Amino acid sequence: MLFRSLNLQPVTTLDEFTELAAKIKAAIDNGEIDAKYVMTNSDKNYQFYRGFVGIFHTWDTLYWNGDTWAYGPIEDNFREMLKYLNGLYEAGYIDPEFSTDDGNAATEKSVTGNHVMVPTLWAGMPRMWNTQSTIEGLEWGLGFLPENETYGTPWKWGSRQEGRSLQNGMGIIINADTEYPEYVVRMIDYQYSDEMIEMMNWGIEGETYTVDESGNHTFAEAIMGAEDPVQTAANYGIMSSSACRTGIPFTPLTFEAMTEQIPVEPWWNPTDGYYESQYWIESGKLGGLDSVSPADRPPVTFLTDDESTAKAELITNCDTYARENALKFITGELNVEDDAAWNSYIEGVKSQVGDFAGTLQMLLDKSDLASIGK
């Protein structure tokens with residue numbers, strides 16, 4: 001709403017984003033916009049750079065980069081991103097409390113007009129903030145990431161596809177000592193049957209959903225007419241609500257069932273302008289296939305208990321160290337332009353585990369590349 005009232009155009013490139021931040025800062029300084037800062041974070045538990053890593057084709061943790069397992073926070077692309085964020089911080093665009101505000105504090109600021117943009121905005125937040133706003137006409141909305149011309153289409157967080165989806169990190173393990181393995185396998189087969197998938201995603205026909213002559217499913221008024229359709233579906237035990245995991249939880253989610261329950265929120269894109277839609281529909285559509293991060297489509301890995309522990313230790317220990325020091329690079333406590341400081345940081349990250357390079361190689365060796373078509 002603010003963008004429309006001031007004739008500010010949402011952006012599609014990183015250069016435009018920088019220019020827009022400067023315009024907003026100038027409008028704040030001259031009193032045209034009643035806010036304190038251009039942007040901030042949505043929660044200290046979401047690292048601020050999570051909103052930017054995809055623009056620079058890197059990631060904020062261990063990830064599959066399309067060819068091998070890599071650790072994003074020590075990549076050159078990640079350093080470039082930190083240089084950019086340090087520039088935004090030094091220009092006074094970022095609320096200095098971006099790294100300490102929890103979700104409640106961030107929400108309070110967002111509904112009282114403290115800032116104009118939130119790069120870590122997630123599904124549901126605009127709708128929630130718009131209902132809690134204390135300022136007449138304040139409206140939050142969503143848009144796709146701006147493109148960095150060096151890397152092309154930005155990678156987005158989480159891409160869902162139409163039809164049925166199941167993350168390859170999920171699975172069911174059968175204890176080798178089970179007395180009746182054939183019955184357990186039959187139960188799992190039934191878990192993935194069309195009948196079970198339909199019931200777990202839609203509920204009971206005639207009570208929670210109907211099917212028309214073309215086979216299209218529609219949730220019943222008891223769900224869609226409720227104040228909170230997602231929670232109402234969850235109360236029925238419907239897994240596609242994403243608010244519950246009933247029974248054995250590894251049934252594929254049906255895209256149509258999941259998206260139908262999600263309330264609409266304000267959106268913008270350069271083709272359609274301002275409109276209302278649902279998060280998973282738009283986040284799946286905008287950017288096209290090029291925007292699907294390779295981190296979303298990693299190969300299946302088969303790890304022993306010790307190997308799983310090594311992977312978990314790398315993620316936990318290295319992420320903690322990287323977050324603490326990346327914050328210092330953003331705020332200027334550490335000089336991101338200083339090669340010695342950057343190399344020291346990289347060595348610090350690697351020192352958090354016994355064999356950093358060996359763990360990455362182990363993950364590659366234990367990856368089923370055929371699972372991603374390689």
# chains A, B, ... in the order shown; residues from 1 in each chain; ligands from 1
>>> residues_around(residues="Phe329 of chain A", least_positions_apart="4", cutoff="12 Å", atoms="only C-alpha atoms", output="list in words")
Tyr49, Pro73, Phe78, Arg79, Glu80, Met81, Leu82, Lys83, Tyr84, Leu85, Asn86, Gly87, Leu88, Tyr89, Glu90, Ala322, Arg323, Glu324, Asn325, Glu333, Leu334, Asn335, Val336, Glu337, Asp338, Ala341, Trp342 and Tyr345 of chain A
>>> closest_residue(among="A:Trp69, A:Phe302, A:Tyr274, A:Tyr37", to="Trp140 of chain A", atoms="only C-alpha atoms")
A:Tyr274
>>> residues_around(residues="Asp228 of chain A", least_positions_apart="5", cutoff="10 Å", atoms="only C-alpha atoms", output="VMD selection string")
chain A and resid 223 233 261 to 263
>>> residues_around(residues="Pro270 of chain A", least_positions_apart="6", cutoff="9 Å", atoms="only C-alpha atoms", output="JSON, numbers by chain")
{"A": [10, 11, 12]}
>>> closest_residue(among="A:Ile74, A:Val111, A:Ile315, A:Ile28", to="Met128 of chain A", atoms="only C-alpha atoms")
A:Val111
>>> closest_residue(among="A:Phe17, A:Pro96, A:His115, A:Ser344", to="Lys44 of chain A", atoms="only C-alpha atoms")
A:Pro96
>>> select_by_dssp(residues="segment 147-258 of chain A", states="alpha helix (DSSP H)", output="MDAnalysis selection string")
chainID A and resid 181:191 194:202 221:224 229:235 255:258
